[in-house]
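Peer 1: This structure is in structure tokens; I'll ask about it shortly.
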Number of protein chains: 2
Amino acid sequence: MDDASTPVRRKRGPARRLDEDRVVDAALEVLDRGGPGALGIRAVAARLGVRPNALYTYVADRAALERAVAERVLSLADTAMLTAPGRRWRERLTDYAVSMRTTLLSHPGAAPLLMTAPMDGPTAVAIGELLMATLEDAGLSAEEAARATYLLIVQVVGSVTLEVVETDGRAPLAGEDDRIAARRGAMGDVDPAVLPHTAAAVDVMASWIGGEQYRWAIDAVLDGIATRATTPDDGA
Amino acid sequence: MDDASTPVRRKRGPARRLDEDRVVDAALEVLDRGGPGALGIRAVAARLGVRPNALYTYVADRAALERAVAERVLSLADTAMLTAPGRRWRERLTDYAVSMRTTLLSHPGAAPLLMTAPMDGPTAVAIGELLMATLEDAGLSAEEAARATYLLIVQVVGSVTLEVVETDGRAPLAGEDDRIAARRGAMGDVDPAVLPHTAAAVDVMASWIGGEQYRWAIDAVLDGIATRATTPDDGA
DNA sequence: ACCTGAACACCGTTCAAGT
DNA sequence: ACCTGAACACCGTTCAAGT
């Protein structure tokens, strides 16, 4: 079921032709199969059927490879939601945040890279531009829109990274219910006499890594942002 | 100026006595001097004047060492602010958030460890307990308090980690103004014709890694949380 | 119980050499 | 221009041995 524009795309073959896109493709595959710890120059080279030092024609070093992977993953989330006509600014931001989580969770090993490498690539900038535009639709000033944009970025990337770090980071991730149950089990019993609030909330804390928590947090953040907006709920 | 309870504490000496605390001390020193990339079994052993494999008596492996360092750094922030009598819940949370940032920035290399290793140690749990108690003072239900707690944790740890990742991570960090100026310089010029919002907000974006942005974000988050509180502003 | 010596299987990165 | 061969200086971790 290959796309027509992707001629053959063999798994590991004798290296038909190399270019940066193919290197990043391979890096993402290594990440998906082996988790965050598996990514490395030698592993990617092996997957391409090539010697490790061959990669240095396309990538400056390991850090540059990681940045390229981070950019690639960001580009997989569809920004069309941010410009969807007829939808309110708040719905657009919520949709995009949820969709970004789904995208990142489908390449869990890549999520920590977003926190490790500075995101200054063209894709990251383009996303920032669209987020600021959406927040100005809400009636925020340019400065407030920029600050709110970063608040949202921190929340989205931070949540998903912490969520992934509790797994082995290989795709596909276990189902959310299973991951929450495993986390609940690892927490064991809490003595209500010494940690009353923790003991009472242990089930909710187990679900910190889930979609419901994610939605709750984004919602609260958007409420806080809405406080600063002049177009409370029905902006363009 | 050594504390009386710290007998001699030499820098690297012939290893007077080893225990887990001294190992974590050394790890934190390695981190402060060399940044996140410097931390490792061999580097810590060298700092203690001991062979690498000697560490395995006190720490299971590298991952356990990193978790121990993360726990240590968390314990350096003073939780007394969360229980300060006579102060409103919102002031207590703001004070603690600001103080946690200061603590983490004083050991910048350790900040990324909080995002990389699951935080399930006793210190992390104790902080969670106090945060939940404070948020219940605000009138949140147990479930809401737990969800708001995680929202705050993600925001604090996420912000500081992204802030540190743009530096070399060695202590002491350059002054905030210098770091913002350097970031502004790295962003270069942006064409207003293609990225109008980005071009207009470039100075604010440079300051994303600063204390003003941090405060703005925490404030917005607390506004969102306050929406769900029954004790709007003058809780116990 | 705690530390060393020695070794293992890895890393990222370089440089000269081939084609 | 692009890839290989070979080597460099590293890693984390193990195991047997010493004391």
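Chain identifiers are assigned as A, B, and so on, following the order in which chains appear in the structure tokens; residues are numbered from 1 within each chain, and ligands are numbered from 1 in order of appearance.
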B:Ile153: which residues within 9 Å, counting only C-alpha atoms (C1' of nucleotides), same-chain residues fewer than 4 positions away excluded, as a PDB file with N, CA and C atoms, in the first residue's frame?

Peer 2:
ATOM      1  N   ALA B  97       5.946  27.994  43.563  1.00  0.00           N
ATOM      2  CA  ALA B  97       6.305  27.806  42.153  1.00  0.00           C
ATOM      3  C   ALA B  97       7.539  28.633  41.798  1.00  0.00           C
ATOM      4  N   GLY B 128       3.529  16.474  46.327  1.00  0.00           N
ATOM      5  CA  GLY B 128       2.183  16.287  45.805  1.00  0.00           C
ATOM      6  C   GLY B 128       1.137  16.376  46.903  1.00  0.00           C
ATOM      7  N   ALA B 148      -5.446  19.463  39.333  1.00  0.00           N
ATOM      8  CA  ALA B 148      -4.784  20.771  39.328  1.00  0.00           C
ATOM      9  C   ALA B 148      -3.327  20.652  39.771  1.00  0.00           C
ATOM     10  N   THR B 149      -3.085  19.729  40.690  1.00  0.00           N
ATOM     11  CA  THR B 149      -1.708  19.494  41.151  1.00  0.00           C
ATOM     12  C   THR B 149      -0.813  19.081  39.996  1.00  0.00           C
ATOM     13  N   VAL B 157       7.847  22.117  35.965  1.00  0.00           N
ATOM     14  CA  VAL B 157       8.978  21.313  35.505  1.00  0.00           C
ATOM     15  C   VAL B 157       9.200  21.509  34.002  1.00  0.00           C
ATOM     16  N   GLY B 158       8.117  21.580  33.250  1.00  0.00           N
ATOM     17  CA  GLY B 158       8.235  21.788  31.814  1.00  0.00           C
ATOM     18  C   GLY B 158       8.887  23.112  31.464  1.00  0.00           C
TER      19      GLY B 158
END

Peer 1: Produce the least-squares-superposed copy of chain A, fitted on chain B over all in-order C-alpha pairs, as a CSV table (one decimal) with C-alpha atoms, in the first residue's frame.

Peer 2:
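As a result, out_23.csv now contains:
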chain,number,residue,atom,x,y,z
A,1,MET,CA,32.4,27.6,56.3
A,2,ASP,CA,31.4,24.0,56.7
A,3,ASP,CA,28.4,23.0,58.7
A,4,ALA,CA,29.2,21.3,62.0
A,5,SER,CA,27.5,18.1,61.0
A,6,THR,CA,29.6,17.9,57.8
A,7,PRO,CA,32.9,16.8,59.4
A,8,VAL,CA,35.4,17.7,56.7
A,9,ARG,CA,33.9,17.3,53.2
A,10,ARG,CA,37.0,17.3,51.0
A,11,LYS,CA,36.6,17.9,47.3
A,12,ARG,CA,37.9,14.7,45.8
A,13,GLY,CA,40.1,13.2,48.5
A,14,PRO,CA,41.1,9.5,48.8
A,15,ALA,CA,37.5,8.6,49.6
A,16,ARG,CA,37.1,8.8,53.3
A,17,ARG,CA,33.9,6.8,53.3
A,18,LEU,CA,31.3,6.2,50.7
A,19,ASP,CA,27.5,6.1,51.0
A,20,GLU,CA,24.6,7.0,48.8
A,21,ASP,CA,24.4,10.5,50.0
A,22,ARG,CA,28.0,11.2,49.1
A,23,VAL,CA,27.4,9.6,45.7
A,24,VAL,CA,24.5,11.9,45.0
A,25,ASP,CA,26.4,14.9,46.3
A,26,ALA,CA,29.2,14.1,43.9
A,27,ALA,CA,26.7,13.5,41.0
A,28,LEU,CA,25.2,17.0,41.7
A,29,GLU,CA,28.6,18.5,41.6
A,30,VAL,CA,29.5,16.8,38.3
A,31,LEU,CA,26.2,18.1,36.9
A,32,ASP,CA,26.8,21.7,38.1
A,33,ARG,CA,30.3,21.8,36.6
A,34,GLY,CA,29.7,20.0,33.4
A,35,GLY,CA,26.0,20.3,32.5
A,36,PRO,CA,23.5,17.5,31.8
A,37,GLY,CA,25.8,15.6,29.4
A,38,ALA,CA,28.5,15.3,32.0
A,39,LEU,CA,26.6,13.1,34.4
A,40,GLY,CA,27.7,9.5,34.3
A,41,ILE,CA,29.0,6.6,36.4
A,42,ARG,CA,32.6,7.2,35.5
A,43,ALA,CA,32.5,10.9,36.0
A,44,VAL,CA,31.0,10.6,39.5
A,45,ALA,CA,33.4,7.9,40.4
A,46,ALA,CA,36.3,10.0,39.3
A,47,ARG,CA,35.1,12.9,41.4
A,48,LEU,CA,34.9,10.6,44.5
A,49,GLY,CA,38.4,9.3,43.8
A,50,VAL,CA,37.2,5.8,43.3
A,51,ARG,CA,36.9,3.2,40.4
A,52,PRO,CA,33.7,3.3,38.4
A,53,ASN,CA,32.5,-0.1,39.5
A,54,ALA,CA,32.7,0.9,43.2
A,55,LEU,CA,29.5,2.9,42.7
A,56,TYR,CA,27.4,-0.2,42.2
A,57,THR,CA,27.5,-0.9,45.9
A,58,TYR,CA,25.3,2.2,46.4
A,59,VAL,CA,23.3,2.6,43.2
A,60,ALA,CA,21.7,-0.1,41.0
A,61,ASP,CA,22.6,1.6,37.7
A,62,ARG,CA,22.8,4.9,35.9
A,63,ALA,CA,19.1,5.3,35.8
A,64,ALA,CA,18.8,4.9,39.5
A,65,LEU,CA,21.5,7.4,40.0
A,66,GLU,CA,19.6,9.9,37.9
A,67,ARG,CA,16.4,9.3,39.9
A,68,ALA,CA,18.3,9.9,43.1
A,69,VAL,CA,19.6,13.2,41.8
A,70,ALA,CA,16.2,14.3,40.7
A,71,GLU,CA,14.8,13.5,44.2
A,72,ARG,CA,17.6,15.3,45.8
A,73,VAL,CA,17.0,18.5,43.8
A,74,LEU,CA,13.3,18.4,44.6
A,75,SER,CA,14.1,18.3,48.3
A,76,LEU,CA,16.1,21.5,48.0
A,77,ALA,CA,13.0,23.6,47.5
A,78,ASP,CA,11.5,24.7,50.8
A,79,THR,CA,7.9,23.4,51.2
A,80,ALA,CA,7.3,25.7,54.2
A,81,MET,CA,5.8,28.2,51.8
A,82,LEU,CA,2.9,25.8,51.1
A,83,THR,CA,1.9,25.7,54.7
A,84,ALA,CA,2.6,29.3,55.6
A,85,PRO,CA,-0.1,30.4,58.0
A,86,GLY,CA,-2.1,33.6,57.2
A,87,ARG,CA,-1.3,33.4,53.5
A,88,ARG,CA,-4.0,32.7,50.9
A,89,TRP,CA,-3.8,29.5,48.8
A,90,ARG,CA,-3.0,31.4,45.7
A,91,GLU,CA,-0.1,33.3,47.3
A,92,ARG,CA,1.3,30.1,48.7
A,93,LEU,CA,1.2,28.3,45.4
A,94,THR,CA,2.8,31.3,43.6
A,95,ASP,CA,5.5,31.6,46.1
A,96,TYR,CA,6.3,27.9,46.0
A,97,ALA,CA,6.3,27.8,42.2
A,98,VAL,CA,8.7,30.7,42.0
A,99,SER,CA,11.0,29.2,44.6
A,100,MET,CA,11.0,25.9,42.8
A,101,ARG,CA,12.2,27.6,39.7
A,102,THR,CA,15.0,29.3,41.5
A,103,THR,CA,16.1,26.0,43.1
A,104,LEU,CA,16.0,24.2,39.7
A,105,LEU,CA,17.9,27.0,38.0
A,106,SER,CA,20.6,26.8,40.6
A,107,HIS,CA,21.2,23.2,39.5
A,108,PRO,CA,20.3,23.5,35.8
A,109,GLY,CA,21.8,20.2,34.7
A,110,ALA,CA,19.4,18.4,37.0
A,111,ALA,CA,16.2,19.9,35.6
A,112,PRO,CA,16.0,17.7,32.5
A,113,LEU,CA,16.2,14.7,34.8
A,114,LEU,CA,12.8,15.5,36.2
A,115,MET,CA,11.3,15.0,32.8
A,116,THR,CA,13.4,11.9,31.9
A,117,ALA,CA,13.0,9.8,35.0
A,118,PRO,CA,9.6,9.0,36.6
A,119,MET,CA,9.3,10.9,39.8
A,120,ASP,CA,7.8,8.5,42.3
A,121,GLY,CA,10.2,9.0,45.2
A,122,PRO,CA,9.2,10.0,48.7
A,123,THR,CA,10.1,13.7,48.2
A,124,ALA,CA,7.9,13.9,45.0
A,125,VAL,CA,5.1,12.3,46.8
A,126,ALA,CA,5.4,14.6,49.8
A,127,ILE,CA,5.3,17.6,47.5
A,128,GLY,CA,2.2,16.3,45.8
A,129,GLU,CA,0.5,15.8,49.1
A,130,LEU,CA,1.1,19.4,50.1
A,131,LEU,CA,0.0,20.8,46.8
A,132,MET,CA,-3.3,18.8,47.0
A,133,ALA,CA,-3.9,20.0,50.5
A,134,THR,CA,-3.4,23.6,49.4
A,135,LEU,CA,-5.7,23.2,46.5
A,136,GLU,CA,-8.4,21.7,48.7
A,137,ASP,CA,-8.1,24.8,50.8
A,138,ALA,CA,-9.1,26.6,47.7
A,139,GLY,CA,-12.3,24.7,47.7
A,140,LEU,CA,-11.5,22.2,45.0
A,141,SER,CA,-12.8,18.6,45.3
A,142,ALA,CA,-10.3,15.9,46.0
A,143,GLU,CA,-10.3,14.9,42.3
A,144,GLU,CA,-10.0,18.5,41.1
A,145,ALA,CA,-7.2,19.2,43.5
A,146,ALA,CA,-5.3,16.1,42.2
A,147,ARG,CA,-5.8,17.2,38.6
A,148,ALA,CA,-4.8,20.8,39.3
A,149,THR,CA,-1.7,19.5,41.2
A,150,TYR,CA,-0.5,17.7,38.1
A,151,LEU,CA,-1.2,20.7,35.9
A,152,LEU,CA,1.0,22.8,38.1
A,153,ILE,CA,3.8,20.2,38.2
A,154,VAL,CA,3.8,19.9,34.4
A,155,GLN,CA,3.9,23.7,34.0
A,156,VAL,CA,6.7,24.2,36.6
A,157,VAL,CA,9.0,21.3,35.5
A,158,GLY,CA,8.3,21.8,31.8
A,159,SER,CA,9.0,25.5,31.8
A,160,VAL,CA,12.3,25.2,33.7
A,161,THR,CA,13.4,22.3,31.6
A,162,LEU,CA,12.8,24.1,28.3
A,163,GLU,CA,14.5,27.1,29.8
A,164,VAL,CA,17.6,25.2,30.8
A,165,VAL,CA,17.9,23.2,27.5
A,166,GLU,CA,18.8,26.4,25.7
A,167,THR,CA,21.9,26.8,27.8
A,168,ASP,CA,25.0,24.7,28.4
A,169,GLY,CA,23.4,23.7,31.7
A,170,ARG,CA,26.4,24.5,33.9
A,171,ALA,CA,26.0,26.3,37.2
A,172,PRO,CA,25.9,29.2,37.7
A,173,LEU,CA,23.7,30.0,34.7
A,174,ALA,CA,24.3,33.2,32.9
A,175,GLY,CA,22.0,36.1,34.0
A,176,GLU,CA,18.5,36.0,32.7
A,177,ASP,CA,18.9,39.2,30.6
A,178,ASP,CA,22.0,37.8,28.9
A,179,ARG,CA,20.2,34.5,28.1
A,180,ILE,CA,17.3,36.3,26.7
A,181,ALA,CA,19.5,38.6,24.6
A,182,ALA,CA,21.4,35.6,23.2
A,183,ARG,CA,18.1,33.9,22.3
A,184,ARG,CA,17.0,37.0,20.6
A,185,GLY,CA,20.2,37.1,18.6
A,186,ALA,CA,19.9,33.5,17.6
A,187,MET,CA,16.4,34.1,16.2
A,188,GLY,CA,17.7,36.6,13.7
A,189,ASP,CA,15.3,38.6,11.5
A,190,VAL,CA,11.8,37.4,10.7
A,191,ASP,CA,10.1,38.5,7.6
A,192,PRO,CA,6.8,40.2,8.6
A,193,ALA,CA,5.4,39.3,5.1
A,194,VAL,CA,5.5,35.6,5.8
A,195,LEU,CA,5.3,35.4,9.6
A,196,PRO,CA,3.5,38.5,10.7
A,197,HIS,CA,2.7,37.5,14.3
A,198,THR,CA,6.1,36.0,14.9
A,199,ALA,CA,7.8,39.1,13.5
A,200,ALA,CA,5.7,41.3,15.8
A,201,ALA,CA,6.3,39.1,18.9
A,202,VAL,CA,9.9,38.3,18.4
A,203,ASP,CA,11.0,40.1,21.5
A,204,VAL,CA,8.4,38.4,23.7
A,205,MET,CA,9.3,35.1,22.2
A,206,ALA,CA,12.9,35.7,23.2
A,207,SER,CA,11.7,36.2,26.7
A,208,TRP,CA,9.9,32.9,26.8
A,209,ILE,CA,12.8,31.5,28.9
A,210,GLY,CA,12.5,34.3,31.5
A,211,GLY,CA,10.9,34.8,34.9
A,212,GLU,CA,8.3,37.2,33.6
A,213,GLN,CA,6.9,34.6,31.2
A,214,TYR,CA,7.0,32.0,34.0
A,215,ARG,CA,5.0,34.3,36.3
A,216,TRP,CA,2.5,35.1,33.6
A,217,ALA,CA,1.9,31.4,32.9
A,218,ILE,CA,1.6,30.4,36.5
A,219,ASP,CA,-0.8,33.3,37.0
A,220,ALA,CA,-3.0,32.2,34.0
A,221,VAL,CA,-2.9,28.6,35.2
A,222,LEU,CA,-4.0,29.7,38.7
A,223,ASP,CA,-6.8,31.8,37.2
A,224,GLY,CA,-8.0,28.7,35.4
A,225,ILE,CA,-7.9,26.7,38.6
A,226,ALA,CA,-9.6,29.4,40.5
A,227,THR,CA,-12.6,29.0,38.1
A,228,ARG,CA,-13.1,25.6,39.7
A,229,ALA,CA,-12.6,26.8,43.2
A,230,THR,CA,-15.4,27.8,45.7
A,231,THR,CA,-13.0,29.9,47.8
A,232,PRO,CA,-12.0,32.5,45.1
A,233,ASP,CA,-9.4,34.5,46.8
A,234,ASP,CA,-9.3,34.3,50.5
A,235,GLY,CA,-9.0,30.7,51.4
A,236,ALA,CA,-7.4,29.6,54.7

Peer 1: To one decimal place, how far is atom C1' of D:DT19 from atom C1' of C:DC3 in Å?

Peer 2: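 So the two atoms, atom C1' of D:DT19 and atom C1' of C:DC3, lie 8.7 Å apart.
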
Peer 1: So which residues of stretch 5-220 of chain A fall under alpha helix (DSSP H) by DSSP, listed as a PyMOL selection string?

Peer 2: chain A and resi 20-34+41-48+62-75+89-106+111-116+122-137+142-165+176-187+196-200+202-206+211-220

Peer 1: Dump C-alpha atoms for the selected residues as a CSV table (one decimal), in the first residue's frame?

Peer 2:
chain,number,residue,atom,x,y,z
A,20,GLU,CA,18.4,13.5,4.9
A,21,ASP,CA,14.7,12.6,4.6
A,22,ARG,CA,15.6,8.9,4.4
A,23,VAL,CA,17.9,9.3,7.4
A,24,VAL,CA,15.1,10.9,9.5
A,25,ASP,CA,12.7,8.2,8.3
A,26,ALA,CA,15.0,5.5,9.5
A,27,ALA,CA,15.6,7.3,12.8
A,28,LEU,CA,11.9,7.5,13.5
A,29,GLU,CA,11.6,3.7,12.7
A,30,VAL,CA,14.5,3.0,15.1
A,31,LEU,CA,12.7,5.1,17.8
A,32,ASP,CA,9.3,3.4,17.2
A,33,ARG,CA,10.8,-0.1,17.5
A,34,GLY,CA,13.3,0.5,20.3
A,41,ILE,CA,24.0,7.1,14.8
A,42,ARG,CA,25.0,3.4,14.7
A,43,ALA,CA,21.4,2.1,15.0
A,44,VAL,CA,20.1,4.4,12.2
A,45,ALA,CA,23.0,3.5,10.0
A,46,ALA,CA,22.4,-0.2,10.5
A,47,ARG,CA,18.8,0.2,9.6
A,48,LEU,CA,19.8,1.9,6.4
A,62,ARG,CA,23.8,13.1,16.9
A,63,ALA,CA,22.3,16.3,18.3
A,64,ALA,CA,21.4,17.5,14.8
A,65,LEU,CA,19.8,14.1,14.1
A,66,GLU,CA,17.6,14.4,17.2
A,67,ARG,CA,16.5,17.9,16.3
A,68,ALA,CA,15.6,16.8,12.8
A,69,VAL,CA,13.5,14.0,14.3
A,70,ALA,CA,11.8,16.4,16.6
A,71,GLU,CA,10.9,18.7,13.7
A,72,ARG,CA,9.6,15.8,11.7
A,73,VAL,CA,7.3,14.6,14.4
A,74,LEU,CA,5.9,18.1,14.9
A,75,SER,CA,5.1,18.3,11.2
A,89,TRP,CA,-10.8,30.0,18.8
A,90,ARG,CA,-11.2,27.8,21.8
A,91,GLU,CA,-12.5,24.8,19.9
A,92,ARG,CA,-9.6,25.2,17.4
A,93,LEU,CA,-7.0,25.2,20.2
A,94,THR,CA,-8.6,22.2,21.9
A,95,ASP,CA,-8.8,20.2,18.8
A,96,TYR,CA,-5.2,20.9,17.9
A,97,ALA,CA,-3.9,20.1,21.4
A,98,VAL,CA,-5.7,16.8,21.4
A,99,SER,CA,-4.5,16.0,17.9
A,100,MET,CA,-0.9,16.8,18.8
A,101,ARG,CA,-1.1,14.5,21.8
A,102,THR,CA,-2.3,11.7,19.5
A,103,THR,CA,0.5,12.3,17.1
A,104,LEU,CA,3.2,12.4,19.7
A,105,LEU,CA,1.8,9.2,21.4
A,106,SER,CA,2.1,7.4,18.1
A,111,ALA,CA,8.4,13.0,22.6
A,112,PRO,CA,11.3,13.4,25.0
A,113,LEU,CA,13.3,14.9,22.2
A,114,LEU,CA,11.0,17.9,22.1
A,115,MET,CA,12.1,18.7,25.7
A,116,THR,CA,15.7,17.9,25.1
A,122,PRO,CA,10.7,26.0,10.6
A,123,THR,CA,7.9,23.7,11.6
A,124,ALA,CA,8.1,24.8,15.2
A,125,VAL,CA,8.0,28.4,14.1
A,126,ALA,CA,5.1,27.8,11.8
A,127,ILE,CA,3.1,26.2,14.5
A,128,GLY,CA,3.9,29.2,16.8
A,129,GLU,CA,2.7,31.6,14.2
A,130,LEU,CA,-0.6,29.8,13.9
A,131,LEU,CA,-1.1,29.6,17.6
A,132,MET,CA,-0.5,33.3,18.0
A,133,ALA,CA,-2.9,34.1,15.2
A,134,THR,CA,-5.6,32.0,16.9
A,135,LEU,CA,-5.0,33.6,20.2
A,136,GLU,CA,-5.2,37.1,18.7
A,137,ASP,CA,-8.6,36.0,17.3
A,142,ALA,CA,0.2,40.5,20.6
A,143,GLU,CA,2.2,40.1,23.8
A,144,GLU,CA,-0.4,38.2,25.6
A,145,ALA,CA,-0.9,35.9,22.6
A,146,ALA,CA,2.8,35.1,22.5
A,147,ARG,CA,2.8,34.4,26.2
A,148,ALA,CA,-0.3,32.2,26.0
A,149,THR,CA,1.3,30.4,23.1
A,150,TYR,CA,4.2,29.3,25.1
A,151,LEU,CA,2.1,28.3,28.0
A,152,LEU,CA,0.2,26.0,25.7
A,153,ILE,CA,3.3,24.6,24.2
A,154,VAL,CA,4.8,23.8,27.6
A,155,GLN,CA,1.6,22.1,28.7
A,156,VAL,CA,1.2,20.0,25.6
A,157,VAL,CA,4.8,18.9,25.2
A,158,GLY,CA,5.4,18.6,29.0
A,159,SER,CA,2.3,16.4,29.6
A,160,VAL,CA,3.0,14.0,26.7
A,161,THR,CA,6.7,13.7,27.6
A,162,LEU,CA,5.9,12.8,31.2
A,163,GLU,CA,3.2,10.4,30.0
A,164,VAL,CA,5.7,8.6,27.7
A,165,VAL,CA,8.5,8.5,30.2
A,176,GLU,CA,-4.3,4.0,28.0
A,177,ASP,CA,-6.4,1.9,30.5
A,178,ASP,CA,-3.6,-0.7,30.8
A,179,ARG,CA,-1.0,2.0,31.3
A,180,ILE,CA,-3.1,3.7,34.0
A,181,ALA,CA,-3.7,0.3,35.7
A,182,ALA,CA,0.0,-0.5,35.7
A,183,ARG,CA,0.7,2.9,37.2
A,184,ARG,CA,-1.9,2.3,39.8
A,185,GLY,CA,-0.3,-1.0,40.7
A,186,ALA,CA,3.1,0.5,41.0
A,187,MET,CA,1.9,3.1,43.4
A,196,PRO,CA,-4.3,11.6,53.6
A,197,HIS,CA,-4.8,13.5,50.4
A,198,THR,CA,-2.6,11.2,48.4
A,199,ALA,CA,-4.4,8.2,49.8
A,200,ALA,CA,-7.7,9.7,48.8
A,202,VAL,CA,-4.5,7.7,44.4
A,203,ASP,CA,-6.8,6.6,41.6
A,204,VAL,CA,-6.9,10.1,40.1
A,205,MET,CA,-3.1,10.3,40.4
A,206,ALA,CA,-2.8,7.0,38.5
A,211,GLY,CA,-6.4,11.7,28.1
A,212,GLU,CA,-9.0,12.8,30.7
A,213,GLN,CA,-6.3,14.6,32.8
A,214,TYR,CA,-4.9,16.0,29.6
A,215,ARG,CA,-8.2,17.5,28.5
A,216,TRP,CA,-8.9,18.8,32.1
A,217,ALA,CA,-5.6,20.6,32.1
A,218,ILE,CA,-5.9,22.1,28.7
A,219,ASP,CA,-9.4,23.2,29.6
A,220,ALA,CA,-8.2,24.9,32.8

Peer 1: Could you pull the residues within 12 Å of C:DC8, counting only C-alpha atoms (C1' of nucleotides), minus those fewer than 3 positions along the same chain, as a list in words?

Peer 2: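 Skipping anything fewer than 3 positions along the chain leaves DC11, DG12, DT13, DT14 and DC15 of chain D.
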
Peer 1: Let me see the file: selected residues, N, CA, C and O atoms (P, O5', C5', C4', C3', O3' and C1' of nucleotides), as a PDB file, in the first residue's frame.

Peer 2:
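Resulting contents of part_37.pdb:
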ATOM      1  P    DC D  11      33.739   9.067  29.645  1.00  0.00           P
ATOM      2  O5'  DC D  11      32.273   8.503  29.479  1.00  0.00           O
ATOM      3  C5'  DC D  11      32.105   7.124  29.630  1.00  0.00           C
ATOM      4  C4'  DC D  11      30.859   6.687  28.957  1.00  0.00           C
ATOM      5  C3'  DC D  11      30.132   5.679  29.806  1.00  0.00           C
ATOM      6  O3'  DC D  11      29.046   6.332  30.420  1.00  0.00           O
ATOM      7  C1'  DC D  11      30.746   4.669  27.745  1.00  0.00           C
ATOM      8  P    DG D  12      28.794   6.116  31.969  1.00  0.00           P
ATOM      9  O5'  DG D  12      28.044   4.717  31.983  1.00  0.00           O
ATOM     10  C5'  DG D  12      26.843   4.593  31.243  1.00  0.00           C
ATOM     11  C4'  DG D  12      26.427   3.141  31.194  1.00  0.00           C
ATOM     12  C3'  DG D  12      26.204   2.512  32.559  1.00  0.00           C
ATOM     13  O3'  DG D  12      25.048   1.695  32.497  1.00  0.00           O
ATOM     14  C1'  DG D  12      27.916   1.323  31.406  1.00  0.00           C
ATOM     15  P    DT D  13      24.452   0.995  33.786  1.00  0.00           P
ATOM     16  O5'  DT D  13      25.260  -0.381  33.790  1.00  0.00           O
ATOM     17  C5'  DT D  13      25.239  -1.175  32.603  1.00  0.00           C
ATOM     18  C4'  DT D  13      26.089  -2.403  32.802  1.00  0.00           C
ATOM     19  C3'  DT D  13      25.988  -3.042  34.187  1.00  0.00           C
ATOM     20  O3'  DT D  13      25.432  -4.337  34.032  1.00  0.00           O
ATOM     21  C1'  DT D  13      28.243  -2.942  33.409  1.00  0.00           C
ATOM     22  P    DT D  14      25.220  -5.325  35.269  1.00  0.00           P
ATOM     23  O5'  DT D  14      26.496  -6.288  35.137  1.00  0.00           O
ATOM     24  C5'  DT D  14      26.580  -7.223  34.086  1.00  0.00           C
ATOM     25  C4'  DT D  14      27.811  -8.091  34.290  1.00  0.00           C
ATOM     26  C3'  DT D  14      28.013  -8.517  35.723  1.00  0.00           C
ATOM     27  O3'  DT D  14      27.313  -9.713  36.076  1.00  0.00           O
ATOM     28  C1'  DT D  14      30.073  -7.757  34.743  1.00  0.00           C
ATOM     29  P    DC D  15      27.771 -11.260  35.694  1.00  0.00           P
ATOM     30  O5'  DC D  15      29.295 -11.393  36.161  1.00  0.00           O
ATOM     31  C5'  DC D  15      30.235 -12.014  35.266  1.00  0.00           C
ATOM     32  C4'  DC D  15      31.596 -12.119  35.918  1.00  0.00           C
ATOM     33  C3'  DC D  15      31.575 -12.816  37.287  1.00  0.00           C
ATOM     34  O3'  DC D  15      32.427 -13.952  37.228  1.00  0.00           O
ATOM     35  C1'  DC D  15      32.843 -10.789  37.352  1.00  0.00           C
TER      36       DC D  15
END
